[in-house]
file run.csv (CSV, C-alpha atoms)
chain,number,residue,atom,x,y,z
A,1,MET,CA,97.3,68.0,90.7
A,2,TYR,CA,96.0,67.5,94.2
A,3,VAL,CA,95.9,64.2,96.1
A,4,ALA,CA,93.2,63.2,98.6
A,5,VAL,CA,94.1,63.3,102.2
A,6,LYS,CA,92.9,60.0,103.8
A,7,GLY,CA,93.0,59.0,107.4
A,8,GLY,CA,93.3,62.5,108.7
A,9,ASP,CA,89.8,63.0,110.1
A,10,ARG,CA,90.9,62.8,113.7
A,11,ALA,CA,93.8,65.1,113.2
A,12,ILE,CA,91.4,67.7,111.5
A,13,GLU,CA,89.0,67.4,114.4
A,14,ASN,CA,91.7,68.0,116.9
A,15,SER,CA,92.9,71.0,114.8
A,16,GLN,CA,89.5,72.5,114.9
A,17,LYS,CA,89.3,72.0,118.7
A,18,LEU,CA,92.7,73.7,119.1
A,19,LEU,CA,91.4,76.6,116.9
A,20,ASP,CA,88.4,77.0,119.3
A,21,GLU,CA,90.8,77.1,122.3
A,22,GLU,CA,93.1,79.6,120.6
A,23,ARG,CA,90.1,81.7,119.7
A,24,ARG,CA,88.9,81.8,123.3
A,25,GLY,CA,92.3,82.4,124.8
A,26,ASP,CA,92.9,82.3,128.5
A,27,PRO,CA,89.5,81.3,130.1
A,28,ARG,CA,90.3,83.5,133.1
A,29,VAL,CA,90.0,86.6,130.8
A,30,PRO,CA,86.4,87.7,130.1
A,31,GLU,CA,85.2,86.7,126.7
A,32,LEU,CA,84.6,89.4,124.1
A,33,SER,CA,80.9,90.0,123.3
A,34,LEU,CA,79.6,90.9,119.9
A,35,GLU,CA,78.4,94.2,121.3
A,36,GLN,CA,82.0,95.1,122.4
A,37,ILE,CA,83.4,94.3,119.0
A,38,ARG,CA,80.6,96.2,117.2
A,39,GLU,CA,80.9,99.3,119.4
A,40,GLN,CA,84.6,99.4,120.2
A,41,MET,CA,86.1,97.9,117.0
A,42,SER,CA,83.8,99.7,114.7
A,43,LEU,CA,86.4,100.5,112.0
A,44,ALA,CA,87.2,96.8,111.7
A,45,VAL,CA,83.5,96.0,111.5
A,46,ASP,CA,83.0,98.7,108.8
A,47,ARG,CA,85.8,97.3,106.7
A,48,VAL,CA,84.5,93.7,107.0
A,49,MET,CA,81.0,94.9,105.9
A,50,THR,CA,82.4,96.8,102.9
A,51,GLU,CA,84.6,94.1,101.5
A,52,GLY,CA,82.2,91.4,102.5
A,53,SER,CA,79.5,93.2,100.5
A,54,LEU,CA,76.9,92.9,103.3
A,55,TYR,CA,75.7,95.7,105.6
A,56,ASP,CA,75.1,94.0,109.0
A,57,PRO,CA,77.3,95.2,111.9
A,58,GLU,CA,76.2,92.2,114.1
A,59,LEU,CA,77.2,89.6,111.6
A,60,ALA,CA,80.4,91.5,110.8
A,61,ALA,CA,81.2,91.5,114.5
A,62,LEU,CA,80.5,87.7,114.7
A,63,ALA,CA,82.8,87.1,111.7
A,64,ILE,CA,85.6,89.1,113.4
A,65,LYS,CA,85.2,87.1,116.6
A,66,GLN,CA,85.1,83.8,114.7
A,67,ALA,CA,88.2,84.8,112.7
A,68,ARG,CA,90.2,85.8,115.8
A,69,GLY,CA,90.6,89.3,114.4
A,70,ASP,CA,91.8,88.2,111.0
A,71,LEU,CA,89.8,90.6,108.9
A,72,VAL,CA,90.4,88.9,105.5
A,73,GLU,CA,89.1,85.6,107.0
A,74,ALA,CA,86.2,87.6,108.5
A,75,ILE,CA,85.4,89.0,105.1
A,76,PHE,CA,85.5,85.5,103.6
A,77,LEU,CA,83.0,84.3,106.3
A,78,LEU,CA,80.6,87.2,105.6
A,79,ARG,CA,80.8,86.7,101.9
A,80,ALA,CA,80.1,83.0,102.3
A,81,TYR,CA,77.0,83.8,104.5
A,82,ARG,CA,75.9,86.4,102.0
A,83,THR,CA,75.5,83.7,99.2
A,84,THR,CA,72.8,82.0,101.3
A,85,LEU,CA,70.6,85.1,101.4
A,86,PRO,CA,67.6,85.5,99.1
A,87,ARG,CA,67.5,88.6,96.9
A,88,PHE,CA,64.3,90.5,96.6
A,89,GLY,CA,65.4,93.1,94.0
A,90,VAL,CA,67.6,96.2,93.5
A,91,GLY,CA,67.3,99.2,95.8
A,92,GLU,CA,67.1,102.8,94.7
A,93,PRO,CA,70.4,104.7,94.3
A,94,ILE,CA,71.3,106.3,97.6
A,95,ASP,CA,71.3,110.1,97.6
A,96,THR,CA,74.5,111.3,99.4
A,97,ALA,CA,73.4,114.9,98.9
A,98,ARG,CA,70.8,114.2,101.6
A,99,MET,CA,73.2,112.6,103.9
A,100,ALA,CA,73.0,113.4,107.6
A,101,VAL,CA,76.6,114.3,107.8
A,102,ARG,CA,78.7,113.5,110.9
A,103,ARG,CA,82.1,114.3,109.4
A,104,ARG,CA,82.8,116.4,106.3
A,105,ILE,CA,86.2,117.9,105.3
A,106,SER,CA,87.6,119.4,102.1
A,107,ALA,CA,91.1,120.1,101.1
A,108,THR,CA,90.1,122.4,98.3
A,109,TYR,CA,88.0,125.1,100.1
A,110,LYS,CA,88.6,126.4,103.6
A,111,ASP,CA,85.2,128.1,103.8
A,112,LEU,CA,82.5,126.2,102.0
A,113,PRO,CA,78.7,126.0,102.3
A,114,GLY,CA,77.9,124.0,105.4
A,115,GLY,CA,81.4,124.4,106.8
A,116,GLN,CA,84.0,121.7,107.8
A,117,LEU,CA,82.9,119.1,110.3
A,118,LEU,CA,85.9,117.4,111.8
A,119,GLY,CA,84.0,114.6,113.4
A,120,ALA,CA,85.8,111.6,114.9
A,121,SER,CA,89.2,111.0,113.2
A,122,PHE,CA,92.7,110.0,114.0
A,123,ASP,CA,93.9,112.9,111.8
A,124,TYR,CA,94.2,115.2,114.8
A,125,THR,CA,95.9,112.9,117.2
A,126,HIS,CA,99.6,112.7,118.0
A,127,ARG,CA,99.9,108.9,117.3
A,128,LEU,CA,101.3,108.4,120.8
A,129,LEU,CA,100.3,105.4,122.8
A,130,ASP,CA,97.7,106.4,125.3
A,131,PHE,CA,98.4,104.4,128.5
A,132,ALA,CA,95.3,105.8,130.1
A,133,LEU,CA,93.4,103.4,127.9
A,134,ALA,CA,95.3,100.5,129.5
A,135,ALA,CA,94.4,101.8,132.9
A,136,GLY,CA,90.7,101.9,132.0
A,137,ASP,CA,90.3,105.6,132.6
A,138,GLU,CA,87.0,107.1,131.5
A,139,ARG,CA,87.1,109.2,128.4
A,140,PRO,CA,85.8,112.8,128.4
A,141,VAL,CA,82.5,113.2,126.6
A,142,ALA,CA,82.7,115.5,123.5
A,143,GLU,CA,80.7,118.6,123.5
A,144,ILE,CA,78.7,118.6,120.2
A,145,ALA,CA,76.0,121.1,119.5
A,146,PRO,CA,72.7,119.4,118.4
A,147,GLU,CA,72.9,121.3,115.1
A,148,GLY,CA,76.4,119.8,114.4
A,149,VAL,CA,74.9,117.1,112.3
A,150,GLU,CA,73.4,118.4,109.1
A,151,ALA,CA,71.5,117.0,106.2
A,152,GLY,CA,71.4,118.3,102.6
A,153,MET,CA,74.9,119.7,102.4
A,154,GLN,CA,76.0,120.7,98.9
A,155,HIS,CA,78.8,118.6,97.4
A,156,VAL,CA,82.1,120.5,96.8
A,157,ALA,CA,82.2,119.2,93.2
A,158,ASP,CA,78.9,121.0,92.6
A,159,ILE,CA,80.6,124.3,93.2
A,160,LEU,CA,83.1,123.6,90.4
A,161,ASP,CA,80.3,122.2,88.3
A,162,HIS,CA,78.4,125.4,88.6
A,163,GLU,CA,81.3,127.2,87.0
A,164,GLY,CA,81.8,124.6,84.4
A,165,LEU,CA,85.3,123.8,85.7
A,166,ILE,CA,84.8,120.1,86.3
A,167,GLU,CA,83.7,117.3,84.0
A,168,ARG,CA,79.9,116.8,83.9
A,169,GLU,CA,78.6,113.5,85.2
A,170,GLU,CA,75.5,112.3,83.5
A,171,PRO,CA,73.3,109.8,85.3
A,172,ASP,CA,73.0,106.3,84.1
A,173,ASP,CA,69.9,105.2,82.1
A,174,ASP,CA,67.5,103.8,84.7
A,175,SER,CA,65.9,101.6,82.0
A,176,GLN,CA,69.1,99.5,81.7
A,177,PRO,CA,69.8,96.6,84.0
A,178,VAL,CA,72.3,97.2,86.7
A,179,PHE,CA,75.5,95.2,86.3
A,180,ASP,CA,76.1,93.0,89.4
A,181,LEU,CA,79.6,91.9,90.0
A,182,THR,CA,78.5,89.3,92.5
A,183,ARG,CA,76.5,87.5,89.8
A,184,GLU,CA,78.5,88.2,86.6
A,185,SER,CA,82.1,88.0,85.7
A,186,PRO,CA,83.6,91.3,84.5
A,187,ARG,CA,84.5,91.6,80.8
A,188,TYR,CA,87.3,93.8,79.6
A,189,PRO,CA,87.3,96.6,78.8
A,190,ALA,CA,84.9,97.1,81.8
A,191,ASP,CA,82.6,100.1,82.2
A,192,ARG,CA,83.0,102.4,85.2
A,193,ALA,CA,80.1,100.8,87.1
A,194,ALA,CA,81.8,97.4,87.0
A,195,ARG,CA,85.1,99.0,88.0
A,196,LEU,CA,83.6,100.8,91.0
A,197,GLN,CA,81.9,97.7,92.2
A,198,ASN,CA,85.1,95.8,92.0
A,199,LEU,CA,87.0,98.6,93.9
A,200,ALA,CA,84.4,98.8,96.6
A,201,ARG,CA,84.9,95.1,97.3
A,202,GLY,CA,88.6,95.3,96.8
A,203,ASP,CA,91.2,94.9,99.5
A,204,GLU,CA,92.0,98.1,101.3
A,205,GLY,CA,95.7,97.5,101.4
A,206,TRP,CA,95.7,96.8,97.6
A,207,LEU,CA,93.9,100.1,96.9
A,208,LEU,CA,96.0,102.0,99.3
A,209,ALA,CA,99.2,100.8,97.6
A,210,LEU,CA,97.9,101.5,94.1
A,211,GLY,CA,96.6,104.9,95.1
A,212,TYR,CA,100.0,105.7,96.6
A,213,SER,CA,101.7,104.6,93.4
A,214,THR,CA,99.6,107.1,91.3
A,215,GLN,CA,100.8,109.9,93.5
A,216,ARG,CA,104.5,108.8,93.1
A,217,GLY,CA,104.4,109.2,89.4
A,218,TYR,CA,103.0,105.8,88.3
A,219,GLY,CA,99.8,107.1,86.7
A,220,ASN,CA,100.1,110.9,86.3
A,221,ASN,CA,97.6,111.5,89.1
A,222,HIS,CA,97.6,114.9,90.7
A,223,PRO,CA,94.6,114.9,93.1
A,224,PHE,CA,93.0,117.2,95.6
A,225,ALA,CA,90.7,115.8,98.2
A,226,GLY,CA,87.6,117.7,97.1
A,227,GLU,CA,85.5,116.2,99.8
A,228,ILE,CA,85.3,113.4,102.3
A,229,ARG,CA,82.0,112.9,104.1
A,230,VAL,CA,80.7,110.4,106.6
A,231,GLY,CA,77.1,110.0,107.7
A,232,GLU,CA,73.8,108.3,107.4
A,233,VAL,CA,71.8,107.9,104.2
A,234,ALA,CA,68.3,106.5,103.6
A,235,VAL,CA,67.9,103.1,101.8
A,236,GLU,CA,64.9,103.0,99.6
A,237,PHE,CA,63.3,100.1,97.8
A,238,ALA,CA,60.4,100.1,95.3
A,239,PRO,CA,58.2,96.9,95.7
A,240,GLU,CA,56.5,95.8,92.5
A,241,GLU,CA,53.1,95.8,94.2
A,242,LEU,CA,53.5,99.5,95.2
A,243,GLY,CA,55.2,100.9,92.2
A,244,PHE,CA,57.0,103.7,94.2
A,245,PRO,CA,60.0,103.6,96.5
A,246,ILE,CA,59.7,103.4,100.3
A,247,GLU,CA,62.4,103.9,102.9
A,248,ILE,CA,63.3,100.7,104.6
A,249,GLY,CA,66.2,101.9,106.8
A,250,GLU,CA,69.4,103.8,106.8
A,251,ILE,CA,73.1,103.0,106.6
A,252,THR,CA,76.3,104.7,107.4
A,253,VAL,CA,78.6,105.4,104.4
A,254,THR,CA,81.8,107.2,103.6
A,255,GLU,CA,82.0,109.1,100.3
A,256,CYS,CA,85.2,110.6,98.8
A,257,GLU,CA,85.4,112.8,95.7
A,258,MET,CA,88.9,113.5,94.4
A,259,VAL,CA,89.4,116.5,92.1
A,260,ASN,CA,92.1,115.8,89.5
A,261,GLN,CA,93.9,117.9,86.9
A,262,PHE,CA,93.3,117.5,83.2
A,263,LYS,CA,95.0,119.5,80.5
A,264,GLY,CA,92.2,119.0,78.0
A,265,SER,CA,92.2,117.8,74.5
A,266,ALA,CA,91.1,118.9,71.0
A,267,GLN,CA,87.5,118.3,72.0
A,268,VAL,CA,87.5,119.1,75.7
A,269,PRO,CA,88.8,122.3,77.3
A,270,PRO,CA,91.1,122.2,80.3
A,271,GLN,CA,89.1,121.2,83.4
A,272,PHE,CA,89.1,119.1,86.5
A,273,THR,CA,88.1,115.5,86.5
A,274,ARG,CA,86.7,113.2,89.1
A,275,GLY,CA,87.7,110.2,91.1
A,276,TYR,CA,85.1,108.5,93.3
A,277,GLY,CA,85.0,106.2,96.3
A,278,LEU,CA,82.1,105.0,98.4
A,279,THR,CA,82.2,102.4,101.3
A,280,PHE,CA,79.9,101.1,104.0
A,281,GLY,CA,80.6,102.6,107.5
A,282,HIS,CA,83.5,104.8,108.3
A,283,CYS,CA,86.3,103.8,106.0
A,284,GLU,CA,88.1,107.0,104.8
A,285,ARG,CA,91.4,105.4,103.8
A,286,LYS,CA,89.6,102.8,101.7
A,287,ALA,CA,87.3,105.4,100.1
A,288,MET,CA,90.3,107.7,99.3
A,289,GLY,CA,92.3,104.8,97.8
A,290,MET,CA,89.3,103.8,95.7
A,291,ALA,CA,88.8,107.4,94.4
A,292,LEU,CA,92.5,107.6,93.4
A,293,VAL,CA,92.4,104.3,91.6
A,294,ASP,CA,89.0,105.1,90.0
A,295,ARG,CA,90.6,108.2,88.4
A,296,ALA,CA,93.7,106.3,87.3
A,297,LEU,CA,91.5,103.7,85.6
A,298,ARG,CA,89.7,106.4,83.6
A,299,ALA,CA,92.8,107.4,81.8
A,300,ARG,CA,91.5,105.8,78.6
A,301,ASP,CA,88.4,107.9,78.8
A,302,PHE,CA,90.5,111.1,78.6
A,303,GLY,CA,92.9,109.9,75.9
A,304,GLU,CA,95.8,109.6,78.4
A,305,ALA,CA,98.6,107.1,78.2
A,306,THR,CA,97.9,103.9,80.2
A,307,GLU,CA,101.4,102.8,81.2
A,308,ALA,CA,101.2,102.4,85.0
A,309,PRO,CA,99.9,99.4,86.9
A,310,ALA,CA,97.0,101.4,88.5
A,311,GLN,CA,95.8,102.3,85.0
A,312,ASP,CA,95.6,98.7,83.8
A,313,GLU,CA,92.0,97.7,84.6
A,314,GLU,CA,92.5,94.0,84.1
A,315,PHE,CA,95.6,94.0,86.4
A,316,VAL,CA,93.8,96.1,89.0
A,317,MET,CA,90.4,94.3,89.0
A,318,ALA,CA,91.7,90.8,88.7
A,319,HIS,CA,94.0,91.1,91.7
A,320,SER,CA,91.9,93.3,94.0
A,321,ASP,CA,89.8,90.7,95.8
A,322,ASN,CA,91.4,89.6,99.0
A,323,VAL,CA,89.2,86.5,99.3
A,324,GLU,CA,90.3,85.2,95.9
A,325,ALA,CA,93.9,86.2,96.6
A,326,SER,CA,94.0,84.6,100.0
A,327,GLY,CA,92.5,81.4,98.6
A,328,PHE,CA,94.9,81.2,95.8
A,329,VAL,CA,97.9,81.8,98.0
A,330,GLN,CA,96.8,79.5,100.8
A,331,HIS,CA,96.0,76.7,98.4
A,332,LEU,CA,99.7,76.1,98.4
A,333,LYS,CA,99.3,74.6,101.8
A,334,LEU,CA,97.3,71.7,100.3
A,335,PRO,CA,99.1,68.4,99.4
A,336,HIS,CA,101.0,68.7,96.2
A,337,TYR,CA,102.9,65.4,96.7
A,338,VAL,CA,102.5,64.1,93.1
A,339,ASP,CA,103.4,67.4,91.6
A,340,PHE,CA,106.5,67.8,93.7
A,341,GLN,CA,107.6,64.2,93.1
A,342,ALA,CA,107.3,64.8,89.3
A,343,GLU,CA,109.4,67.9,89.7
A,344,LEU,CA,112.0,66.0,91.7
A,345,VAL,CA,112.3,63.4,88.9
A,346,THR,CA,112.7,66.1,86.3
A,347,VAL,CA,115.4,68.0,88.3
A,348,ARG,CA,117.3,64.8,89.0
A,349,ALA,CA,117.3,63.8,85.4
A,350,LEU,CA,118.5,67.3,84.3
A,351,ARG,CA,121.3,67.2,86.9
A,352,ARG,CA,122.5,63.8,85.6
A,353,LYS,CA,122.4,65.1,82.1
A,354,ALA,CA,124.4,68.2,83.1
A,355,GLU,CA,126.9,66.2,85.0
A,356,ALA,CA,127.4,63.8,82.1
A,357,ALA,CA,128.0,66.7,79.7
A,358,ARG,CA,130.5,68.2,82.1
A,359,ALA,CA,132.3,64.9,82.4
A,360,ILE,CA,132.6,64.7,78.6
A,361,ALA,CA,133.9,68.3,78.4
A,362,ASP,CA,136.5,67.6,81.1
A,363,ALA,CA,137.6,64.4,79.3
A,364,ALA,CA,138.0,66.4,76.1
A,365,GLU,CA,140.3,68.9,77.7
call {"tool": "encode", "arguments": {"input": "run.csv", "output": "structure tokens"}}
result
Amino acid sequence: MYVAVKGGDRAIENSQKLLDEERRGDPRVPELSLEQIREQMSLAVDRVMTEGSLYDPELAALAIKQARGDLVEAIFLLRAYRTTLPRFGVGEPIDTARMAVRRRISATYKDLPGGQLLGASFDYTHRLLDFALAAGDERPVAEIAPEGVEAGMQHVADILDHEGLIEREEPDDDSQPVFDLTRESPRYPADRAARLQNLARGDEGWLLALGYSTQRGYGNNHPFAGEIRVGEVAVEFAPEELGFPIEIGEITVTECEMVNQFKGSAQVPPQFTRGYGLTFGHCERKAMGMALVDRALRARDFGEATEAPAQDEEFVMAHSDNVEASGFVQHLKLPHYVDFQAELVTVRALRRKAEAARAIADAAE
């Protein structure tokens, strides 16, 4: 039970003013611009767009600034704004095979068609603080050949598929309506489309922890990073008045395909299986965690035991959303005076009863 807070309007106003002051910081320090956040904190912007379910770097940068760098709060702000936008329809599926690739690595093949493109990554740094950044030193410009960015690279999984060594993935029926997690509540058991939508919006830390657990034995997951690619893909939409799709822009996405072992069954020969992750922007850790959890949640599809937390779809999906989780935890800050007073009465009565029983026992001795 909650009780209304009365007479606190002035205090709330002052709290909001203090928040504005804290957000601005020392006025002698130049204020961060949205352009600086968008260009120099791009990984934070990409995460906010992914978990906020809205591809708009400018708005994501604004949310980060407003939230003082609290990414979960920024995701909440972006989600709230998203609910005010009109919806014109459903876009065509993006074709990542036609991606203009900026980064593409595989842990399964050293030499693969199209080659490995290291791109921009922390993977090859020493994780030492770079004090040159504090001094404001100019960074050297990378030497990249114009042909370094390629489009139309074959997926690594296609190589295994050509040999029949990995499970076949059949496309969904285009005539069926697309499940939309933002408008419908998931029902359990959920199909893979609903699960992937949930994981795409899910908290990166949650997916990272669950993915890690599957590698430590809680889920029987033995993955290989088949491919991780980052690049730009075209977004297409088919207006009703035209009857055919047109390109309306392009977005940056990260795609991860995990290759997992499967011993086979009476109906299916031994083969590799897939785990899939896709995010807005450059979010490799999130995409990898998503792919690991996706495969863990498919255990039922392959007749495997579902004993680990990462294999329990209701547990995973119901607790993945950081906006819901944050709201539920932070609601504990709201007044619960009536509830607590009721608990106090109960505890005091129980203590009196216990003390009386103890006194009777002592007298009997």
call {"tool": "atom_distance", "arguments": {"input": "run.csv", "atom1": "CA of Phe76 (chain A)", "atom2": "CA of Val323 (chain A)"}}
result
5.8 Å
call {"tool": "atom_distance", "arguments": {"input": "run.csv", "atom1": "CA of Leu181 (chain A)", "atom2": "CA of Ile248 (chain A)"}}
result
23.6 Å
call {"tool": "closest_residue", "arguments": {"input": "run.csv", "among": "A:Ala100, A:Ala361, A:Ala305, A:Ala225", "to": "Val156 (chain A)", "atoms": "only C-alpha atoms"}}
result
A:Ala225
call {"tool": "atom_distance", "arguments": {"input": "run.csv", "atom1": "CA of Thr279 (chain A)", "atom2": "CA of Glu304 (chain A)"}}
result
27.6 Å
call {"tool": "closest_residue", "arguments": {"input": "run.csv", "among": "A:Gly89, A:Gly164, A:Gly211, A:Gly25", "to": "Ala287 (chain A)", "atoms": "all atoms listed in the file"}}
result
A:Gly211
call {"tool": "residues_around", "arguments": {"input": "run.csv", "residues": "Leu78 (chain A)", "least_positions_apart": "3", "cutoff": "9 Å", "atoms": "all atoms listed in the file", "output": "list in words"}}
result
Val48, Met49, Glu51, Gly52, Ser53, Leu54, Leu59, Ala60, Ala63, Glu73, Ala74, Ile75, Tyr81, Arg82 and Thr83 of chain A
call {"tool": "residues_near_point", "arguments": {"input": "run.csv", "point": "(60.5, 107.6, 96.6)", "cutoff": "9 Å", "atoms": "only C-alpha atoms", "output": "PyMOL selection string"}}
result
chain A and resi 92+236-238+244-247
call {"tool": "closest_residue", "arguments": {"input": "run.csv", "among": "A:Asp362, A:Glu284, A:Asp301, A:Asp95", "to": "Ser121 (chain A)", "atoms": "all atoms listed in the file"}}
result
A:Glu284
call {"tool": "closest_residue", "arguments": {"input": "run.csv", "among": "A:Ala364, A:Lys333, A:Glu255, A:Val101", "to": "Leu118 (chain A)", "atoms": "all atoms listed in the file"}}
result
A:Val101
call {"tool": "closest_residue", "arguments": {"input": "run.csv", "among": "A:Asp46, A:Glu31, A:Glu22, A:Glu314", "to": "Thr254 (chain A)", "atoms": "all atoms listed in the file"}}
result
A:Asp46
